[in-house]
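Have a look at target_13.cif; it's mmCIF, C-alpha atoms:
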```cif
data_start
loop_
_atom_site.label_atom_id
_atom_site.label_comp_id
_atom_site.auth_asym_id
_atom_site.auth_seq_id
_atom_site.Cartn_x
_atom_site.Cartn_y
_atom_site.Cartn_z
CA MET K 1 -2.31 -6.14 33.31
CA ASP K 2 -1.47 -2.43 33.15
CA CYS K 3 -0.77 -0.50 29.97
CA PRO K 4 3.06 -0.77 29.96
CA GLU K 5 2.78 -4.54 30.45
CA THR K 6 0.16 -4.75 27.70
CA PHE K 7 2.45 -2.93 25.27
CA GLN K 8 5.47 -5.00 26.27
CA GLU K 9 3.57 -8.20 25.59
CA ALA K 10 2.04 -6.88 22.36
CA ALA K 11 5.44 -5.82 21.02
CA ALA K 12 6.37 -9.46 20.50
CA SER K 13 3.41 -10.07 18.18
CA ALA K 14 3.15 -9.33 14.46
CA ALA K 15 0.25 -6.97 15.06
CA PRO K 16 0.82 -5.06 18.31
CA CYS K 17 -1.99 -2.60 17.62
CA GLU K 18 -4.55 -5.41 17.42
CA LYS K 19 -3.27 -6.94 20.64
CA VAL K 20 -3.47 -3.64 22.48
CA ALA K 21 -6.93 -2.92 21.09
CA GLN K 22 -8.17 -6.30 22.30
CA ALA K 23 -6.71 -5.88 25.77
CA LYS K 24 -7.38 -2.16 26.19
CA PRO K 25 -10.16 -1.08 23.83
CA GLY K 26 -11.21 2.48 23.21
CA CYS K 27 -7.69 3.99 23.25
CA ALA K 28 -7.71 3.43 27.02
CA CYS K 29 -3.91 3.48 27.25
CA GLU K 30 -3.63 7.01 25.87
CA ALA K 31 -4.30 8.29 29.37
CA GLU K 32 -1.19 6.77 30.90
CA SER K 33 2.40 6.40 29.82
CA VAL K 34 3.08 3.02 28.20
CA SER K 35 6.89 3.18 28.19
CA VAL K 36 9.42 3.87 30.91
CA HIS K 37 11.56 5.58 28.26
CA SER K 38 8.85 8.07 27.34
CA PRO K 39 8.83 11.71 28.52
CA GLY K 40 5.07 11.34 29.20
CA VAL K 41 1.70 10.78 27.57
CA VAL K 42 1.15 12.31 24.15
CA ASP K 43 -0.71 15.59 24.46
CA GLY K 44 -3.32 16.70 21.96
CA SER K 45 -1.35 19.85 21.19
CA GLU K 46 1.69 17.91 19.97
CA ILE K 47 2.85 17.52 16.38
CA LEU K 48 4.01 14.12 15.10
CA ALA K 49 6.53 13.53 12.34
CA ARG K 50 6.60 10.47 10.11
CA LEU K 51 9.92 9.72 8.43
CA ILE K 52 9.55 9.23 4.69
CA TYR K 53 11.89 7.29 2.43
CA SER K 54 11.98 6.89 -1.32
CA PRO K 55 11.17 5.09 -3.45
CA HIS K 56 8.21 3.23 -1.96
CA HIS K 57 6.63 5.73 0.43
CA VAL K 58 5.97 8.24 -2.33
CA ASP K 59 4.35 8.55 -5.72
CA ARG K 60 7.19 8.20 -8.24
CA GLU K 61 5.97 11.09 -10.37
CA THR K 62 4.80 13.64 -7.81
CA GLY K 63 6.95 12.82 -4.78
CA LEU K 64 3.82 12.95 -2.60
CA THR K 65 3.21 10.30 0.04
CA THR K 66 0.96 7.35 -0.77
CA GLU K 67 -1.85 5.97 1.35
CA LEU K 68 0.08 2.74 1.89
CA ALA K 69 2.99 4.68 3.40
CA PHE K 70 0.67 4.77 6.41
CA SER K 71 -0.50 1.14 6.29
CA ASP K 72 1.54 0.14 9.35
CA VAL K 73 -1.05 1.96 11.41
CA GLN K 74 -3.43 -1.00 11.08
CA ASP K 75 -1.19 -3.69 12.56
CA LYS K 76 2.29 -2.96 13.90
CA GLY K 77 1.69 0.72 14.57
CA LEU K 78 2.78 3.78 12.63
CA SER K 79 6.16 4.83 14.01
CA VAL K 80 6.37 8.60 14.48
CA GLN K 81 8.53 11.15 16.25
CA ARG K 82 7.13 13.64 18.78
CA MET K 83 8.38 17.04 17.71
CA ALA K 84 7.82 18.48 21.19
CA HIS K 85 10.50 16.14 22.52
CA ALA K 86 13.02 16.07 19.69
CA THR K 87 14.71 18.78 17.69
CA GLY K 88 14.73 18.82 13.93
CA ALA K 89 18.36 17.74 14.11
CA ASP K 90 17.42 14.81 16.38
CA ILE K 91 14.75 13.64 13.96
CA THR K 92 17.02 14.05 10.97
CA ALA K 93 19.62 12.03 12.83
CA VAL K 94 17.10 9.24 13.40
CA GLY K 95 16.24 9.27 9.71
CA LYS K 96 19.84 9.24 8.57
CA ARG K 97 20.83 6.57 11.08
CA LYS K 98 18.07 4.33 9.77
CA LEU K 99 19.16 5.08 6.21
CA ALA K 100 22.80 4.28 7.00
CA ASN K 101 21.72 0.94 8.47
CA ASP K 102 19.77 0.19 5.32
CA HIS K 103 22.65 1.11 3.04
CA ALA K 104 24.96 -1.07 5.10
CA ARG K 105 22.58 -3.94 4.52
CA GLY K 106 22.62 -3.42 0.77
CA LYS K 107 19.44 -1.36 0.42
CA THR K 108 21.18 1.31 -1.60
CA ASP K 109 18.19 2.49 -3.62
CA ARG K 110 16.73 4.31 -0.64
CA GLU K 111 16.84 7.97 0.20
CA PHE K 112 15.65 9.80 3.31
CA LEU K 113 13.26 12.43 2.00
CA GLY K 114 12.42 14.08 5.31
CA VAL K 115 9.20 14.03 7.29
CA VAL K 116 5.53 14.75 6.97
CA THR K 117 3.79 16.12 10.05
CA GLY K 118 0.35 15.89 11.59
CA SER K 119 -1.31 17.18 14.75
CA VAL K 120 -2.29 14.74 17.47
CA GLU K 121 -5.55 16.59 17.98
CA ALA K 122 -6.55 16.07 14.34
CA ILE K 123 -5.50 12.42 14.35
CA ARG K 124 -7.50 11.72 17.50
CA ALA K 125 -10.50 13.56 16.05
CA GLU K 126 -10.77 11.17 13.11
CA ILE K 127 -13.87 8.99 13.48
CA TYR K 128 -15.65 6.29 11.52
CA GLN K 129 -19.21 6.90 10.34
CA GLU K 130 -20.56 5.23 13.49
CA GLY K 131 -18.75 7.77 15.61
CA ALA K 132 -16.01 5.50 16.96
CA ARG K 133 -12.48 6.86 16.94
CA SER K 134 -10.26 5.70 14.08
CA PHE K 135 -6.82 6.16 15.65
CA CYS K 136 -5.09 6.08 19.03
CA VAL K 137 -1.72 7.71 19.78
CA TYR K 138 0.62 6.15 22.35
CA ASP K 139 3.93 7.27 23.88
CA THR K 140 6.10 4.30 22.92
CA GLY K 141 9.48 5.86 23.73
CA ARG K 142 12.54 3.66 23.25
CA PRO K 143 15.92 3.65 25.03
CA GLN K 144 17.72 5.35 22.12
CA ASP K 145 14.63 7.09 20.78
CA THR K 146 12.63 8.54 23.65
CA ALA K 147 10.51 10.76 21.36
CA HIS K 148 9.09 7.72 19.58
CA ALA K 149 5.31 7.29 19.47
CA ASP K 150 2.93 4.94 17.69
CA VAL K 151 -0.36 5.64 15.97
CA CYS K 152 -2.67 2.60 15.99
CA GLN K 153 -5.85 2.17 13.98
CA THR K 154 -8.99 0.83 15.62
CA THR K 155 -10.97 -1.93 13.93
CA ALA K 156 -13.78 -1.36 11.44
CA THR K 157 -14.68 -2.86 8.06
CA ARG K 158 -11.80 -3.10 5.58
CA SER K 159 -13.05 -0.33 3.34
CA LYS K 160 -13.75 2.01 6.25
CA MET K 161 -10.30 1.40 7.66
CA LYS K 162 -8.83 2.02 4.23
CA ARG K 163 -10.66 5.33 3.89
CA ALA K 164 -9.45 6.38 7.33
CA ARG K 165 -5.83 5.66 6.29
CA LYS K 166 -6.31 7.90 3.29
CA GLN K 167 -7.54 10.60 5.67
CA LEU K 168 -4.45 10.00 7.80
CA ARG K 169 -2.26 10.44 4.72
CA ASP K 170 -3.92 13.79 4.10
CA LEU K 171 -3.70 14.83 7.75
CA PHE K 172 0.06 14.37 7.69
CA GLY K 173 0.52 16.57 4.67
CA ARG K 174 1.90 14.93 1.60
CA LYS K 175 5.18 16.61 0.69
CA PRO K 176 8.12 15.46 2.82
CA SER K 177 10.59 18.07 3.99
CA MET K 178 13.58 18.14 6.31
CA PRO K 179 12.53 18.89 9.91
CA MET I 1 7.68 -20.19 -23.14
CA SER I 2 5.45 -18.23 -25.47
CA THR I 3 4.76 -21.17 -27.74
CA THR I 4 3.65 -23.31 -24.86
CA LEU I 5 1.44 -20.63 -23.43
CA ALA I 6 -0.03 -19.72 -26.80
CA ALA I 7 -1.14 -23.31 -27.17
CA ARG I 8 -2.79 -23.31 -23.78
CA TRP I 9 -4.33 -19.93 -23.17
CA PRO I 10 -6.50 -19.24 -26.17
CA GLY I 11 -8.19 -22.61 -25.90
CA SER I 12 -9.25 -22.04 -22.34
CA SER I 13 -12.84 -21.18 -21.64
CA ASN I 14 -11.78 -19.00 -18.76
CA PRO I 15 -8.06 -18.21 -18.79
CA GLY I 16 -8.26 -16.09 -15.68
CA HIS I 17 -9.36 -18.89 -13.43
CA ASN I 18 -6.37 -20.94 -14.42
CA PHE I 19 -3.87 -18.15 -14.39
CA LEU I 20 -2.09 -19.09 -11.19
CA GLY I 21 -1.71 -22.69 -12.24
CA ARG I 22 -0.14 -21.67 -15.49
CA VAL I 23 2.27 -19.32 -13.87
CA ILE I 24 3.48 -22.12 -11.68
CA SER I 25 4.12 -24.08 -14.86
CA VAL I 26 6.64 -21.48 -16.02
CA ASN I 27 8.41 -21.17 -12.70
CA HIS I 28 11.54 -22.70 -14.20
CA ARG I 29 12.32 -19.32 -15.74
CA TYR I 30 12.81 -17.85 -12.33
CA ASP I 31 16.39 -19.03 -11.93
CA THR I 32 17.61 -17.95 -15.34
CA SER I 33 16.01 -14.53 -15.57
CA PRO I 34 18.13 -11.37 -15.38
CA THR I 35 16.10 -10.31 -12.35
CA PRO I 36 14.10 -12.57 -10.07
CA TRP I 37 10.81 -11.20 -11.31
CA SER I 38 11.38 -10.54 -15.02
CA TRP I 39 9.91 -13.92 -16.02
CA LEU I 40 6.66 -12.76 -14.50
CA THR I 41 6.28 -9.54 -16.43
CA ASP I 42 7.60 -11.18 -19.61
CA PHE I 43 5.04 -13.87 -19.16
CA PHE I 44 2.19 -11.48 -18.59
CA ILE I 45 3.08 -9.03 -21.32
CA ASP I 46 3.93 -11.75 -23.86
CA SER I 47 0.75 -13.60 -23.21
CA LYS I 48 -1.58 -10.63 -22.87
CA TYR I 49 -2.45 -10.38 -26.53
CA LYS I 50 -2.78 -14.13 -26.86
CA ILE I 51 -5.20 -14.10 -23.96
CA ALA I 52 -7.09 -11.28 -25.61
CA ALA I 53 -7.36 -13.26 -28.81
CA GLY I 54 -8.65 -16.23 -26.87
CA CYS I 55 -11.27 -14.05 -25.24
CA GLN I 56 -12.22 -12.68 -28.66
CA VAL I 57 -11.24 -9.14 -27.86
CA SER I 58 -10.62 -7.30 -31.08
CA ALA I 59 -7.02 -6.55 -31.98
CA ASP I 60 -8.27 -3.06 -32.81
CA ALA I 61 -9.04 -2.56 -29.15
CA THR I 62 -5.34 -2.61 -28.36
CA THR I 63 -4.12 -0.68 -31.38
CA ALA I 64 -6.72 2.02 -30.76
CA LEU I 65 -5.47 2.73 -27.24
CA PRO I 66 -4.26 6.23 -26.50
CA SER I 67 -0.54 5.65 -26.87
CA LYS I 68 0.35 6.98 -23.42
CA ARG I 69 -2.00 4.55 -21.70
CA ALA I 70 -0.88 1.63 -23.86
CA GLU I 71 2.73 2.31 -22.94
CA ALA I 72 1.95 2.77 -19.27
CA LYS I 73 0.60 -0.70 -18.68
CA PRO I 74 3.85 -2.68 -19.12
CA VAL I 75 5.58 -0.11 -16.90
CA LEU I 76 2.93 -0.63 -14.24
CA LEU I 77 3.29 -4.40 -14.45
CA THR I 78 7.03 -4.14 -14.07
CA GLN I 79 6.69 -1.90 -11.03
CA ILE I 80 4.30 -4.36 -9.42
CA ALA I 81 6.52 -7.34 -10.16
CA GLU I 82 9.42 -5.51 -8.52
CA TYR I 83 7.52 -5.67 -5.24
CA LEU I 84 8.27 -9.40 -5.18
CA SER I 85 11.97 -8.86 -4.85
CA LEU I 86 12.04 -6.16 -2.20
CA PRO I 87 14.48 -7.05 0.58
CA ASP I 88 13.28 -7.81 4.08
CA ASP I 89 12.66 -4.63 6.06
CA TRP I 90 12.53 -2.67 2.80
CA ASP I 91 10.98 0.34 4.50
CA GLY I 92 13.13 0.40 7.61
CA TYR I 93 10.03 -0.50 9.64
CA GLY I 94 10.11 -4.27 9.14
CA GLY I 95 8.41 -4.14 5.73
CA LYS I 96 7.75 -7.39 3.87
CA ALA I 97 7.95 -7.95 0.13
CA ALA I 98 4.74 -8.77 -1.69
CA ASN I 99 4.14 -12.48 -2.11
CA LEU I 100 3.39 -14.15 -5.42
CA ALA I 101 -0.32 -14.56 -4.71
CA THR I 102 -0.68 -10.82 -4.07
CA VAL I 103 1.14 -9.93 -7.28
CA MET I 104 -0.91 -12.40 -9.28
CA ASP I 105 -4.17 -11.05 -7.85
CA THR I 106 -3.07 -7.58 -8.90
CA PHE I 107 -2.16 -8.81 -12.38
CA GLU I 108 -5.47 -10.59 -12.63
CA PHE I 109 -7.28 -7.33 -11.93
CA ILE I 110 -5.15 -5.42 -14.44
CA LYS I 111 -5.67 -8.10 -17.05
CA ARG I 112 -9.41 -7.51 -16.86
CA TYR I 113 -9.17 -3.76 -16.45
CA PRO I 114 -10.24 -1.94 -19.64
CA SER I 115 -7.17 -0.73 -21.48
CA THR I 116 -8.85 2.51 -22.47
CA PHE I 117 -9.50 3.49 -18.84
CA PRO I 118 -7.05 5.73 -16.95
CA THR I 119 -3.94 3.82 -15.92
CA PRO I 120 -3.58 3.46 -12.15
CA LYS I 121 -0.44 4.03 -10.11
CA SER I 122 0.88 1.33 -7.82
CA MET I 123 1.94 1.34 -4.18
CA ILE I 124 3.02 -1.18 -1.57
CA GLY I 125 2.43 -1.35 2.16
CA GLY I 126 4.64 -2.64 4.95
CA SER I 127 2.68 -5.89 5.24
CA GLY I 128 3.25 -6.66 1.55
CA VAL I 129 -0.19 -5.59 0.36
CA ILE I 130 -0.26 -3.98 -3.08
CA GLY I 131 -2.42 -1.02 -3.95
CA LEU I 132 -3.55 0.63 -7.16
CA TYR I 133 -4.85 4.17 -7.06
CA TRP I 134 -6.24 6.95 -9.19
CA GLU I 135 -6.52 10.52 -7.98
CA GLY I 136 -7.77 13.68 -9.63
CA ASN I 137 -10.67 16.11 -9.92
CA ASP I 138 -11.37 15.77 -6.18
CA CYS I 139 -11.92 12.05 -6.64
CA TYR I 140 -9.90 9.25 -5.10
CA VAL I 141 -10.01 5.57 -5.91
CA SER I 142 -7.84 3.01 -4.17
CA ILE I 143 -7.79 -0.77 -4.43
CA GLU I 144 -5.88 -3.12 -2.16
CA PHE I 145 -4.76 -6.70 -2.85
CA ASP I 146 -3.58 -9.08 -0.15
CA GLY I 147 -3.31 -12.36 -2.04
CA SER I 148 -6.68 -13.68 -0.85
CA GLY I 149 -8.26 -13.63 -4.32
CA TYR I 150 -10.36 -10.63 -3.29
CA TYR I 151 -9.71 -6.93 -3.24
CA CYS I 152 -11.01 -4.09 -1.11
CA TYR I 153 -11.68 -0.70 -2.62
CA ILE I 154 -12.81 2.81 -1.87
CA ALA I 155 -14.13 5.14 -4.57
CA ASP I 156 -14.78 8.60 -3.22
CA THR I 157 -15.93 11.83 -4.78
CA LYS I 158 -16.72 15.14 -3.12
CA GLN I 159 -20.38 14.15 -3.03
CA ALA I 160 -20.26 10.46 -2.13
CA GLU I 161 -18.17 7.70 -0.60
CA ASP I 162 -18.35 4.18 -1.92
CA GLY I 163 -16.44 1.02 -1.23
CA GLU I 164 -16.54 -2.75 -0.81
CA ASP I 165 -14.56 -5.04 1.47
CA ALA I 166 -14.16 -8.13 -0.69
CA VAL I 167 -14.58 -8.20 -4.47
CA PRO I 168 -13.28 -11.28 -6.33
CA VAL I 169 -10.28 -10.27 -8.43
CA ASP I 170 -11.68 -12.12 -11.44
CA SER I 171 -15.07 -10.40 -11.36
CA PRO I 172 -16.19 -7.54 -13.62
CA LEU I 173 -15.32 -4.02 -12.50
CA PRO I 174 -18.09 -2.74 -10.19
CA GLN I 175 -19.96 0.08 -11.92
CA CYS I 176 -19.47 2.68 -9.19
CA LEU I 177 -15.76 1.90 -9.16
CA ALA I 178 -15.54 2.32 -12.92
CA GLU I 179 -17.44 5.59 -12.78
CA VAL I 180 -15.22 7.19 -10.16
CA ILE I 181 -12.06 5.95 -11.90
CA MET I 182 -13.23 7.73 -15.03
CA ALA I 183 -14.05 10.84 -13.03
CA THR I 184 -10.42 11.06 -11.85
CA ALA I 185 -9.25 11.69 -15.40
CA ASP I 186 -9.34 15.11 -17.03
CA SER I 187 -10.55 13.65 -20.27
CA PHE I 188 -11.97 10.31 -21.17
#
```
Encoded form (structure tokens):
Amino acid sequence: MDCPETFQEAAASAAPCEKVAQAKPGCACEAESVSVHSPGVVDGSEILARLIYSPHHVDRETGLTTELAFSDVQDKGLSVQRMAHATGADITAVGKRKLANDHARGKTDREFLGVVTGSVEAIRAEIYQEGARSFCVYDTGRPQDTAHADVCQTTATRSKMKRARKQLRDLFGRKPSMP
Amino acid sequence: MSTTLAARWPGSSNPGHNFLGRVISVNHRYDTSPTPWSWLTDFFIDSKYKIAAGCQVSADATTALPSKRAEAKPVLLTQIAEYLSLPDDWDGYGGKAANLATVMDTFEFIKRYPSTFPTPKSMIGGSGVIGLYWEGNDCYVSIEFDGSGYYCYIADTKQAEDGEDAVPVDSPLPQCLAEVIMATADSF
């Protein structure tokens, strides 16, 4: 099974990152495009943006992102936008579209706070104590969102994975701003 | 509710081990509460001092709390209970609400957490896990509950990293965890 097929099959599961890691360990699918909707593999020089919403992605007092705002990275994948392939207006539009959907479904307490950004090179450089990489970055473009990518965490002990997610929080910067 | 609980809790040799069972016994409040979760915080806050009396913790221990920390605890409990009633897809990324077991594990930890220690902040993840964290003075402590009866933690300073993968929620606070929590505060 090639990488696009692996991702297609994994998408149906509750934990796509785990499925992909089992089928293609060692971030093997970073080297090829995994989506027909993607503009190409994610380059190390790219910057990724994570959309941040209040109230639960941020500390209520400081407005800074929490570690658990990045917890999706361990199972379903951390949804991010590739800034090399989307303008600030495009990303803002994605954020506001998502917010409008939420408001329409009664989730009126939410607010789109903007994005936090991190470099692919730094994310890929994160390693566990044993030297294994902590995160993989894949080009999971979608029909209406071609600049979409996913960051997936590789498996280690719970506490080591938790510490790596805190590092990821710090790598992305903590104060959301409009792109 | 309070009368019933007061009769039960103080007589228990280990209230914590029976906590979940007793919560189930007050589930009838769920339907009549102003919010779906208010029975839970009412229950915990109402019964906290009765539990303390049963465990022979001095009443002075609560009255001597720094007022800010004493006030913060009910607020924290309320915030955590709110995680039960989050709507599906609360984060726009398919986020799940916390389940009752996860909230109760978190409450169990807080119940045993020394009231004079720095009050943590709460957070929730997309899978419904609940976290408590303390941050300051270049120290970071974070605990994660998933409803399994165990928690995972990291307790990091500039000099050292510590952590455990599975600590029973009803066990005493690990010493290294307590030390780094205290180190996050400006004064203790």
To verify the selection step, state as a count of residues only which residues the PyMOL selection byres ((chain K) within 7 of (chain I)) yields on this input. 11
Decode the PyMOL selection byres ((chain K and resi 14) around 12) for the given file into explicit residues and return them as a list in words. Glu9, Ala10, Ala11, Ala12, Ser13, Ala15, Pro16, Cys17, Glu18, Lys19, Val20, Asp72, Gln74, Asp75, Lys76 and Gly77 of chain K; Gly94, Gly95, Lys96, Gly126 and Ser127 of chain I
CA of Leu177 in chain I to CA of Lys175 in chain K, straight-line distance in Å: 27.4 Å
Return as a PyMOL selection string the set of residues that the PyMOL selection byres ((chain K and resi 179) around 8) yields on the displayed structure. chain K and resi 88-89+91-92+114-115+177-178
Proximity to Arg133 in chain K - best of K:Cys3, K:Ala164, K:Leu64, K:Cys29, all atoms listed in the file: K:Ala164
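With distances taken from (-15.9, -13.4, -10.9) and restricted to all atoms listed in the file, the residues inside 12 Å are I:Asn14, I:Gly16, I:His17, I:Glu108, I:Phe109, I:Arg112, I:Gly149, I:Tyr150, I:Tyr151, I:Ala166, I:Val167, I:Pro168, I:Val169, I:Asp170, I:Ser171, I:Pro172, I:Leu173, I:Pro174.
Atom to atom, CA of Val103 in chain I and CA of Phe145 in chain I stand 8.1 Å apart.
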Extract, using only C-alpha atoms, all DNA, RNA and protein residues at most 7 Å from Val73 in chain K, discarding same-chain residues fewer than 3 positions from it, and format them as an NGL selection string. :K and (70 or 76-78 or 151-153)
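The protein and nucleic acid residues lying at most 7 Å from Ile52 in chain K are K:Arg50, K:Ser54, K:His57, K:Phe112, K:Leu113, K:Gly114, K:Val115, K:Pro176, with all atoms listed in the file considered and sequence neighbours fewer than 2 positions away removed.
Interatomic distance, CA of Pro143 in chain K to CA of Val41 in chain K: 16.1 Å.
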Could you add all heavy atoms to range 13-22 of chain K and give me the result as a compact mmCIF listing (two decimals), keeping the file's coordinate frame?
```
# COMPACT_ATOMS: atom_id res chain seq x y z
N SER K 13 4.30 -9.51 19.20
CA SER K 13 3.41 -10.07 18.18
C SER K 13 3.61 -9.35 16.84
O SER K 13 4.23 -8.29 16.78
CB SER K 13 1.95 -9.95 18.63
OG SER K 13 1.49 -8.63 18.41
N ALA K 14 3.04 -9.94 15.79
CA ALA K 14 3.15 -9.33 14.46
C ALA K 14 2.23 -8.12 14.31
O ALA K 14 2.44 -7.28 13.45
CB ALA K 14 2.82 -10.37 13.40
N ALA K 15 1.23 -8.06 15.15
CA ALA K 15 0.25 -6.97 15.06
C ALA K 15 0.00 -6.37 16.44
O ALA K 15 -1.06 -6.58 17.04
CB ALA K 15 -1.03 -7.47 14.44
N PRO K 16 0.96 -5.62 16.97
CA PRO K 16 0.82 -5.06 18.31
C PRO K 16 -0.44 -4.22 18.51
O PRO K 16 -1.06 -4.27 19.57
CB PRO K 16 2.08 -4.20 18.47
CG PRO K 16 3.05 -4.75 17.51
CD PRO K 16 2.24 -5.26 16.36
N CYS K 17 -0.81 -3.46 17.48
CA CYS K 17 -1.99 -2.60 17.62
C CYS K 17 -3.25 -3.42 17.90
O CYS K 17 -4.09 -3.04 18.72
CB CYS K 17 -2.19 -1.75 16.36
SG CYS K 17 -1.02 -0.39 16.22
N GLU K 18 -3.38 -4.55 17.20
CA GLU K 18 -4.55 -5.41 17.42
C GLU K 18 -4.56 -5.96 18.83
O GLU K 18 -5.60 -6.01 19.49
CB GLU K 18 -4.53 -6.56 16.42
CG GLU K 18 -4.93 -6.17 15.01
CD GLU K 18 -4.85 -7.34 14.04
OE1 GLU K 18 -4.90 -8.50 14.50
OE2 GLU K 18 -4.72 -7.09 12.84
N LYS K 19 -3.38 -6.37 19.28
CA LYS K 19 -3.27 -6.94 20.64
C LYS K 19 -3.67 -5.90 21.69
O LYS K 19 -4.40 -6.21 22.64
CB LYS K 19 -1.83 -7.41 20.89
CG LYS K 19 -1.42 -8.61 20.07
CD LYS K 19 -1.91 -9.89 20.73
CE LYS K 19 -1.47 -11.11 19.94
NZ LYS K 19 -2.17 -12.33 20.39
N VAL K 20 -3.16 -4.71 21.51
CA VAL K 20 -3.47 -3.64 22.48
C VAL K 20 -4.95 -3.31 22.43
O VAL K 20 -5.59 -3.14 23.48
CB VAL K 20 -2.61 -2.39 22.19
CG1 VAL K 20 -3.10 -1.20 23.00
CG2 VAL K 20 -1.14 -2.66 22.47
N ALA K 21 -5.50 -3.25 21.23
CA ALA K 21 -6.93 -2.92 21.09
C ALA K 21 -7.82 -3.97 21.75
O ALA K 21 -8.87 -3.64 22.31
CB ALA K 21 -7.29 -2.78 19.62
N GLN K 22 -7.38 -5.22 21.67
CA GLN K 22 -8.17 -6.30 22.30
C GLN K 22 -8.10 -6.19 23.83
O GLN K 22 -9.10 -6.33 24.53
CB GLN K 22 -7.64 -7.67 21.86
CG GLN K 22 -8.03 -8.04 20.44
CD GLN K 22 -7.22 -9.22 19.91
OE1 GLN K 22 -6.46 -9.86 20.63
NE2 GLN K 22 -7.38 -9.50 18.62
```
